[in-house]
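query16.cif (mmCIF, C-alpha atoms) appears below.
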```cif
data_data
loop_
_atom_site.label_atom_id
_atom_site.label_comp_id
_atom_site.auth_asym_id
_atom_site.auth_seq_id
_atom_site.Cartn_x
_atom_site.Cartn_y
_atom_site.Cartn_z
CA MET A 602 26.42 42.04 21.30
CA PHE A 603 22.96 43.40 20.68
CA SER A 604 21.93 46.97 21.31
CA VAL A 605 21.97 48.03 24.94
CA SER A 606 19.37 50.21 26.64
CA PRO A 607 21.08 51.29 29.89
CA PHE A 608 18.32 53.73 30.78
CA ARG A 609 15.79 50.89 30.98
CA ARG A 610 17.78 48.27 32.86
CA SER A 611 21.48 47.74 33.54
CA ARG A 612 24.19 47.58 30.92
CA TYR A 613 23.82 43.79 30.99
CA PHE A 614 20.19 43.91 29.94
CA LEU A 615 19.76 43.58 26.21
CA THR A 616 16.30 45.01 25.81
CA VAL A 617 13.97 43.53 23.02
CA ALA A 618 10.24 44.18 23.27
CA LEU A 619 8.04 42.73 20.55
CA GLY A 620 4.57 44.30 20.71
CA ILE A 621 1.03 43.19 20.12
CA ALA A 622 -0.63 44.78 17.05
CA ALA A 623 0.75 43.94 13.57
CA THR A 624 1.68 47.02 11.57
CA ALA A 625 5.22 47.29 10.15
CA GLY A 626 8.79 46.10 10.71
CA CYS A 627 8.60 42.32 10.68
CA ALA A 628 5.24 42.55 8.99
CA GLY A 629 6.96 44.01 5.93
CA MET A 630 6.62 42.87 2.35
CA ARG A 631 8.33 39.75 1.09
CA PRO A 632 11.38 40.47 -1.12
CA VAL A 633 11.00 39.74 -4.82
CA PRO A 634 12.71 36.36 -5.34
CA PRO A 635 15.45 35.76 -7.90
CA THR A 636 15.50 32.53 -9.90
CA VAL A 637 14.27 29.86 -7.49
CA ARG A 638 15.62 26.32 -7.57
CA ALA A 639 12.72 23.94 -7.02
CA SER A 640 13.11 20.23 -6.36
CA ARG A 641 11.17 17.26 -5.07
CA LEU A 642 12.55 14.78 -2.59
CA ASP A 643 12.72 11.33 -4.16
CA PRO A 644 11.42 8.80 -1.61
CA THR A 645 13.41 6.05 -3.36
CA SER A 646 16.73 7.89 -2.99
CA LEU A 647 17.50 6.56 0.52
CA SER A 648 21.18 5.67 0.36
CA HIS A 649 22.53 5.41 3.94
CA VAL A 650 25.83 6.68 2.54
CA GLY A 651 28.66 5.92 4.92
CA VAL A 652 26.99 6.86 8.18
CA HIS A 653 23.98 6.02 10.29
CA PHE A 654 22.88 7.00 13.77
CA GLU A 655 22.29 4.91 16.84
CA LEU A 656 20.37 5.83 19.98
CA ALA A 657 22.95 6.46 22.70
CA ALA A 658 20.96 7.99 25.58
CA LYS A 659 17.58 9.26 26.75
CA LEU A 660 17.83 12.48 28.73
CA GLY A 661 15.17 13.97 30.97
CA GLU A 662 13.92 10.73 32.45
CA PRO A 663 12.42 10.89 35.94
CA GLY A 664 14.50 9.87 38.91
CA LYS A 665 18.23 10.40 39.37
CA GLY A 666 17.37 13.23 41.74
CA ALA A 667 16.19 15.43 38.87
CA GLU A 668 12.79 16.71 37.81
CA PRO A 669 11.47 15.09 34.62
CA LEU A 670 10.71 17.15 31.53
CA SER A 671 7.06 18.01 30.97
CA ASP A 672 6.69 19.61 27.52
CA PRO A 673 10.15 19.98 25.95
CA SER A 674 10.05 22.18 22.87
CA ALA A 675 13.67 22.92 21.90
CA ALA A 676 17.31 22.35 22.81
CA ALA A 677 20.57 24.24 22.38
CA ILE A 678 24.18 23.30 23.14
CA ALA A 679 26.58 25.69 24.86
CA SER A 680 30.23 25.87 23.84
CA ASP A 681 31.18 23.85 26.93
CA GLY A 682 28.84 21.06 25.81
CA THR A 683 26.05 21.74 28.31
CA LEU A 684 22.64 20.94 26.87
CA TYR A 685 19.89 23.49 27.55
CA VAL A 686 16.26 22.47 27.09
CA ALA A 687 13.17 24.71 26.87
CA ASP A 688 10.18 23.23 28.71
CA ALA A 689 7.10 25.12 27.52
CA GLU A 690 4.61 23.75 30.04
CA THR A 691 6.68 24.61 33.12
CA HIS A 692 7.92 27.87 31.53
CA ARG A 693 11.54 27.05 32.33
CA ILE A 694 14.90 26.39 30.73
CA LEU A 695 16.84 23.45 32.16
CA ALA A 696 20.59 22.88 31.86
CA LEU A 697 21.36 19.16 31.69
CA ARG A 698 24.59 17.37 32.57
CA PRO A 699 25.75 14.52 30.31
CA ASP A 700 24.01 12.00 32.62
CA GLY A 701 20.71 13.89 32.21
CA THR A 702 20.56 15.42 35.68
CA VAL A 703 19.69 19.10 35.98
CA SER A 704 22.56 21.46 36.82
CA ASN A 705 20.58 24.71 36.56
CA THR A 706 16.96 25.80 36.23
CA ILE A 707 16.15 29.14 34.63
CA GLY A 708 12.90 31.09 34.66
CA GLY A 709 9.43 30.05 35.73
CA TYR A 710 6.03 31.46 34.79
CA GLY A 711 5.57 35.21 34.82
CA SER A 712 5.81 38.45 32.86
CA ARG A 713 8.87 39.98 34.49
CA VAL A 714 12.38 39.83 33.05
CA GLY A 715 13.78 36.41 33.92
CA GLU A 716 10.33 34.80 33.80
CA PHE A 717 8.76 33.11 30.78
CA ASP A 718 5.37 32.41 29.28
CA THR A 719 5.61 29.28 27.10
CA PRO A 720 9.22 29.38 25.85
CA ARG A 721 9.25 27.65 22.47
CA ALA A 722 12.81 27.96 21.20
CA ILE A 723 16.35 28.73 22.39
CA THR A 724 19.70 29.43 20.79
CA PHE A 725 23.20 30.47 21.85
CA VAL A 726 25.06 33.49 20.50
CA PRO A 727 28.81 33.68 21.27
CA SER A 728 29.41 37.39 21.87
CA PRO A 729 32.19 36.87 22.93
CA ARG A 730 30.96 34.38 25.53
CA ASP A 731 27.79 32.34 25.27
CA VAL A 732 24.52 34.22 25.72
CA LEU A 733 21.30 32.22 25.59
CA TYR A 734 18.33 33.71 23.73
CA VAL A 735 14.82 32.49 24.46
CA ALA A 736 11.75 32.80 22.25
CA ASP A 737 9.28 33.71 24.99
CA SER A 738 6.25 33.07 22.80
CA GLY A 739 3.47 33.83 25.26
CA GLY A 740 5.27 36.98 26.38
CA ARG A 741 5.74 38.07 22.73
CA GLN A 742 9.40 38.83 23.28
CA VAL A 743 12.93 37.45 23.14
CA GLN A 744 14.83 37.30 26.39
CA SER A 745 18.55 36.84 26.94
CA TYR A 746 20.38 34.98 29.70
CA ASP A 747 24.10 35.03 30.45
CA PRO A 748 25.08 31.74 32.14
CA ALA A 749 28.32 33.29 33.44
CA THR A 750 26.67 36.20 35.27
CA HIS A 751 23.12 34.80 35.60
CA ARG A 752 21.77 38.10 34.29
CA PHE A 753 18.68 38.39 32.13
CA GLY A 754 17.64 40.93 29.54
CA VAL A 755 15.02 41.58 26.90
CA LEU A 756 16.11 42.08 23.30
CA GLU A 757 14.91 45.39 21.85
CA THR A 758 14.76 46.08 18.15
CA GLN A 759 15.30 49.57 16.76
CA ASN A 760 12.30 49.50 14.45
CA ASP A 761 8.75 48.27 14.85
CA THR A 762 8.18 44.54 15.26
CA SER A 763 4.58 44.88 16.42
CA GLY A 764 2.54 41.71 16.56
CA PHE A 765 5.54 39.41 16.36
CA ALA A 766 5.12 36.32 18.57
CA PRO A 767 8.43 34.40 18.28
CA THR A 768 7.96 30.63 18.08
CA ALA A 769 11.41 29.71 16.75
CA LEU A 770 14.79 31.39 16.58
CA ALA A 771 18.38 30.64 15.65
CA TRP A 772 21.71 32.43 15.65
CA ASP A 773 22.48 33.30 12.05
CA GLY A 774 26.19 32.57 12.50
CA SER A 775 27.32 36.14 12.03
CA MET A 776 25.39 39.29 12.86
CA GLY A 777 22.34 38.36 14.85
CA LEU A 778 19.20 36.25 15.05
CA LEU A 779 16.69 34.65 12.74
CA LEU A 780 13.22 34.91 14.30
CA LEU A 781 10.16 32.99 13.15
CA ASP A 782 6.51 33.62 13.95
CA ALA A 783 4.48 30.52 13.04
CA ILE A 784 1.18 32.18 13.92
CA HIS A 785 1.56 34.91 11.30
CA GLY A 786 3.92 33.06 8.93
CA ARG A 787 6.85 35.49 9.17
CA VAL A 788 10.61 35.29 9.39
CA CYS A 789 12.83 38.22 10.40
CA ARG A 790 16.55 38.72 10.51
CA ILE A 791 17.68 41.09 13.25
CA ALA A 792 21.13 42.67 13.18
CA THR A 793 23.43 43.02 16.18
CA THR A 794 22.46 46.69 16.28
CA GLY A 795 18.86 45.67 16.95
CA ALA A 796 17.66 46.73 13.50
CA VAL A 797 15.38 44.44 11.51
CA VAL A 798 17.45 43.76 8.38
CA TRP A 799 14.62 42.13 6.48
CA SER A 800 11.33 40.34 6.94
CA TYR A 801 9.79 37.57 4.86
CA ASP A 802 6.12 36.76 5.07
CA GLY A 803 3.03 35.82 3.13
CA PHE A 804 0.60 33.04 4.00
CA GLY A 805 -0.34 30.69 1.19
CA HIS A 806 0.49 27.61 -0.81
CA ASP A 807 2.12 29.05 -3.93
CA ARG A 808 5.86 29.30 -4.49
CA GLY A 809 7.62 31.03 -1.63
CA SER A 810 4.55 31.34 0.59
CA LEU A 811 4.47 29.97 4.13
CA ASP A 812 1.87 27.87 5.89
CA ASN A 813 2.47 27.27 9.60
CA PRO A 814 6.30 27.30 9.47
CA GLN A 815 7.73 25.65 12.58
CA ALA A 816 11.51 26.00 12.48
CA VAL A 817 14.39 28.00 11.04
CA ALA A 818 18.09 27.16 10.88
CA PRO A 819 21.17 28.75 9.23
CA ASP A 820 23.45 26.66 7.04
CA GLY A 821 26.75 28.47 7.56
CA LYS A 822 26.84 29.39 3.88
CA GLY A 823 24.72 32.52 3.91
CA GLY A 824 21.36 30.80 3.92
CA ALA A 825 18.43 30.18 6.23
CA HIS A 826 16.33 27.01 5.99
CA ILE A 827 12.66 27.10 7.00
CA ALA A 828 10.51 24.08 7.82
CA ASP A 829 7.34 25.11 5.94
CA THR A 830 5.20 22.57 7.74
CA GLY A 831 1.79 23.24 6.21
CA ASN A 832 3.18 23.04 2.67
CA GLN A 833 5.37 19.98 3.41
CA ARG A 834 8.56 21.53 2.11
CA LEU A 835 11.83 23.18 3.02
CA ILE A 836 12.46 26.74 1.92
CA ARG A 837 15.90 28.30 1.70
CA LEU A 838 16.40 32.06 1.89
CA ASP A 839 19.66 33.89 1.37
CA PHE A 840 20.81 36.31 4.04
CA ALA A 841 19.26 39.20 2.10
CA GLY A 842 15.84 37.62 2.63
CA ASN A 843 15.41 36.38 -0.94
CA LEU A 844 13.86 33.03 -1.80
CA VAL A 845 16.57 30.80 -3.28
CA ALA A 846 15.29 27.22 -3.25
CA GLU A 847 12.40 24.97 -2.34
CA THR A 848 12.46 21.25 -1.66
CA SER A 849 9.08 19.53 -1.73
CA LEU A 850 8.74 16.67 0.75
CA VAL A 851 5.23 15.61 -0.29
CA GLU A 852 6.23 12.58 -2.33
CA ALA A 853 8.53 11.39 0.43
CA VAL A 854 5.62 11.76 2.90
CA VAL A 855 7.68 13.98 5.19
CA THR A 856 6.01 16.70 7.27
CA PRO A 857 8.85 18.90 8.55
CA VAL A 858 8.45 20.42 12.01
CA GLY A 859 12.10 20.88 12.97
CA VAL A 860 15.31 21.40 11.03
CA GLY A 861 19.02 21.68 11.72
CA VAL A 862 21.89 22.06 9.24
CA ASP A 863 25.43 20.78 9.81
CA ALA A 864 28.72 22.13 8.47
CA ALA A 865 28.47 19.90 5.39
CA GLY A 866 25.07 21.33 4.46
CA ARG A 867 23.12 18.22 5.48
CA ARG A 868 19.62 19.00 6.74
CA TYR A 869 18.28 17.05 9.71
CA VAL A 870 14.50 17.17 9.45
CA CYS A 871 12.08 16.13 12.20
CA ASP A 872 9.19 14.34 10.51
CA ALA A 873 5.76 14.56 12.10
CA ALA A 874 4.16 12.18 9.58
CA THR A 875 6.38 9.21 10.48
CA PRO A 876 8.17 9.98 13.73
CA ARG A 877 11.83 9.99 12.70
CA VAL A 878 14.64 12.26 11.55
CA VAL A 879 15.40 12.36 7.84
CA VAL A 880 18.84 13.54 6.72
CA ILE A 881 18.75 15.32 3.36
CA GLY A 882 21.85 16.19 1.35
CA GLU A 883 22.55 19.46 -0.43
CA ARG A 884 21.42 17.94 -3.74
CA GLY A 885 18.07 16.90 -2.29
CA ASP A 886 18.74 13.20 -1.82
CA ILE A 887 17.91 11.31 1.37
CA LEU A 888 21.22 10.34 2.94
CA THR A 889 19.77 8.38 5.85
CA GLU A 890 17.00 8.33 8.40
CA PHE A 891 16.86 7.28 12.04
CA GLY A 892 14.52 7.04 15.01
CA ARG A 893 11.72 4.89 13.57
CA GLY A 894 10.08 3.05 16.43
CA GLU A 895 12.07 5.07 18.97
CA MET A 896 10.38 8.44 18.58
CA ARG A 897 6.81 9.55 19.13
CA GLU A 898 6.74 13.29 18.38
CA PRO A 899 10.11 14.76 17.35
CA VAL A 900 9.83 18.54 17.21
CA SER A 901 13.37 19.94 17.25
CA VAL A 902 17.02 18.99 16.79
CA ALA A 903 20.29 20.30 18.17
CA LEU A 904 23.57 19.31 16.54
CA GLY A 905 26.69 18.68 18.63
CA GLN A 906 30.21 19.46 17.45
CA ASP A 907 31.10 15.77 17.77
CA GLY A 908 28.38 14.79 15.31
CA SER A 909 25.83 13.87 17.97
CA VAL A 910 22.19 14.72 17.25
CA TYR A 911 19.87 15.65 20.11
CA VAL A 912 16.21 15.14 19.21
CA VAL A 913 13.52 16.80 21.32
CA ASP A 914 10.54 14.44 21.57
CA ARG A 915 7.56 16.28 23.01
CA SER A 916 5.25 13.30 23.60
CA LEU A 917 7.96 11.18 25.20
CA ALA A 918 9.09 14.23 27.21
CA ARG A 919 12.66 13.18 26.52
CA ILE A 920 15.77 14.29 24.68
CA LEU A 921 17.02 11.43 22.53
CA MET A 922 20.76 11.56 21.86
CA TYR A 923 21.99 9.80 18.73
CA LYS A 924 25.61 9.08 17.92
CA PRO A 925 26.93 8.63 14.38
CA SER A 926 28.50 5.37 13.34
CA GLU A 927 30.84 5.18 10.36
CA THR A 928 29.79 1.57 9.69
CA GLU A 929 27.71 1.31 6.58
CA ARG A 930 24.21 0.17 7.13
CA PRO A 931 23.32 -3.06 5.32
#
```
Would it be possible to restate this file's structure as structure tokens?
Amino acid sequence: MFSVSPFRRSRYFLTVALGIAATAGCAGMRPVPPTVRASRLDPTSLSHVGVHFELAAKLGEPGKGAEPLSDPSAAAIASDGTLYVADAETHRILALRPDGTVSNTIGGYGSRVGEFDTPRAITFVPSPRDVLYVADSGGRQVQSYDPATHRFGVLETQNDTSGFAPTALAWDGSMGLLLLDAIHGRVCRIATTGAVVWSYDGFGHDRGSLDNPQAVAPDGKGGAHIADTGNQRLIRLDFAGNLVAETSLVEAVVTPVGVGVDAAGRRYVCDAATPRVVVIGERGDILTEFGRGEMREPVSVALGQDGSVYVVDRSLARILMYKPSETERP
């Protein structure tokens, strides 16, 4: 669990305030990179090796006794399979049943604990049971929600994170959270103690710089992948905050705005240039793509344990669920 501040709230409230003026902490200097592996995605490398994805369901549609989604921005899957969706325009988090109906609604607009101002990203941390963390972007903070107790908290770091406006976050798979601030081009890793372990920043277009990064995802192998949207590339950091690799997506005409990484190291990239999801292997080859003609504005992905891929489409105001098929594509 994260650090607890019992004198501010109850023992269930994980307090995390992220301030307003940029000074230190997450605004720290970028670590000096070791040897960086640079590669370019070959647009002719599309192989469709062994698996492709088929649209299985559209979640969040109006009717069925449930409120439709308005501006979905992210999704996360609980250990029991419940899909949680952040809706930025209505400032809420919705829990969806498999048929797409809403089983629980969390939040609403406001500045108090348990209320949100434009939630942009969500992730689950098992500690030991699922706790949902919300990037409350407009509130410049990260809030927590325990689905079992329905208690909220605010995550508090032990050192200064002034000016940090979280727009994306992900559980790092071990000790805490990866937080991304697209406005200032920063990524932070926060330990379970609440301490900022490292920060990585620096706006620009040279090697290792960031330009409007939109997503971050761990790979389960000690790395964090960043969708460096403005530079049309993927950046991989190790868990010490060092730049390890870059994959340019310019030649493949891919503009990454969302990314997820599965257990095999495959990267599922939401492409804003041609609405689709591109699956990129560890070696930088395109394994497959899906969603052409079915998506309008894919912004985020959530990966299910059964291989399902949930794509958040902001313009459609839907969650598109894709199932893998082991039949080779002709």
List as number ranges by chain the protein and nucleic acid residues near Leu780 (chain A), meaning an atom at most 12 Å away when all atoms listed in the file are counted, but skip any in the same chain fewer than 5 places from it. A: 619, 627, 721-724, 734-738, 741-743, 756, 758, 762, 765-773, 786-792, 797-802, 814-819, 825-827
Measuring between all atoms listed in the file, which one of A:Val652, A:Ala865, A:Val686, A:Leu670 shows the shortest distance to Lys822 (chain A)?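 Ranking A:Val652, A:Ala865, A:Val686, A:Leu670 by distance to Lys822 (chain A), first place goes to A:Ala865.
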Provide the CA of Gly715 (chain A) to CA of Ile678 (chain A) distance in Å, to one decimal place.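 These atoms are spaced 19.9 Å apart.
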Which residue out of A:Gly821, A:Gly711, A:Pro729, A:Gly809 has the minimum interatomic distance to Gly842 (chain A) when all atoms listed in the file are used?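 Between A:Gly821, A:Gly711, A:Pro729, A:Gly809, the residue approaching Gly842 (chain A) most closely is A:Gly809.
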Shell around Phe725 (chain A) at 7 Å using all atoms listed in the file, local window under 3 positions removed, as a list of chain:residue names: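 Answer for this query is A:Ala677, A:Ala679, A:Asp731, A:Val732, A:Leu733, A:Tyr734, A:Trp772.
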Using all atoms listed in the file, which of the listed residues (A:Gln744, A:Ser674, A:Thr706, A:Asn832) sits closest to Leu917 (chain A)?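 Smallest separation from Leu917 (chain A) among the options: A:Ser674.
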Output region 815-828 of chain A with N, CA, C and O atoms present, as a short mmCIF file (atom, residue, chain, number, x, y, z; two decimals), keeping the file's coordinate frame.
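In the end it all went to selection-v6.cif:
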```
data_model
loop_
_atom_site.label_atom_id
_atom_site.label_comp_id
_atom_site.auth_asym_id
_atom_site.auth_seq_id
_atom_site.Cartn_x
_atom_site.Cartn_y
_atom_site.Cartn_z
N GLN A 815 7.47 26.04 11.20
CA GLN A 815 7.73 25.65 12.58
C GLN A 815 9.18 25.81 13.02
O GLN A 815 9.46 25.79 14.22
N ALA A 816 10.11 25.94 12.08
CA ALA A 816 11.51 26.00 12.48
C ALA A 816 12.33 26.76 11.46
O ALA A 816 11.97 26.84 10.28
N VAL A 817 13.46 27.31 11.92
CA VAL A 817 14.39 28.00 11.04
C VAL A 817 15.80 27.67 11.50
O VAL A 817 16.06 27.54 12.71
N ALA A 818 16.72 27.50 10.54
CA ALA A 818 18.09 27.16 10.88
C ALA A 818 19.03 27.71 9.82
O ALA A 818 18.73 27.62 8.62
N PRO A 819 20.19 28.29 10.21
CA PRO A 819 21.17 28.75 9.23
C PRO A 819 22.00 27.58 8.73
O PRO A 819 22.05 26.52 9.38
N ASP A 820 22.63 27.75 7.58
CA ASP A 820 23.45 26.66 7.04
C ASP A 820 24.93 26.97 7.02
O ASP A 820 25.73 26.17 6.51
N GLY A 821 25.34 28.13 7.55
CA GLY A 821 26.75 28.47 7.56
C GLY A 821 27.29 28.91 6.21
O GLY A 821 28.47 29.18 6.07
N LYS A 822 26.43 29.01 5.22
CA LYS A 822 26.84 29.39 3.88
C LYS A 822 26.00 30.56 3.37
O LYS A 822 25.78 30.71 2.16
N GLY A 823 25.50 31.35 4.30
CA GLY A 823 24.72 32.52 3.91
C GLY A 823 23.27 32.22 3.62
O GLY A 823 22.62 33.00 2.91
N GLY A 824 22.76 31.13 4.17
CA GLY A 824 21.36 30.80 3.92
C GLY A 824 20.62 30.44 5.18
O GLY A 824 21.21 30.06 6.19
N ALA A 825 19.30 30.55 5.13
CA ALA A 825 18.43 30.18 6.23
C ALA A 825 17.39 29.19 5.70
O ALA A 825 16.75 29.43 4.68
N HIS A 826 17.26 28.05 6.40
CA HIS A 826 16.33 27.01 5.99
C HIS A 826 15.10 27.05 6.88
O HIS A 826 15.22 27.09 8.11
N ILE A 827 13.92 27.01 6.27
CA ILE A 827 12.66 27.10 7.00
C ILE A 827 11.88 25.80 6.79
O ILE A 827 11.72 25.33 5.65
N ALA A 828 11.40 25.23 7.90
CA ALA A 828 10.51 24.08 7.82
C ALA A 828 9.10 24.62 7.58
O ALA A 828 8.43 25.06 8.52
#
```
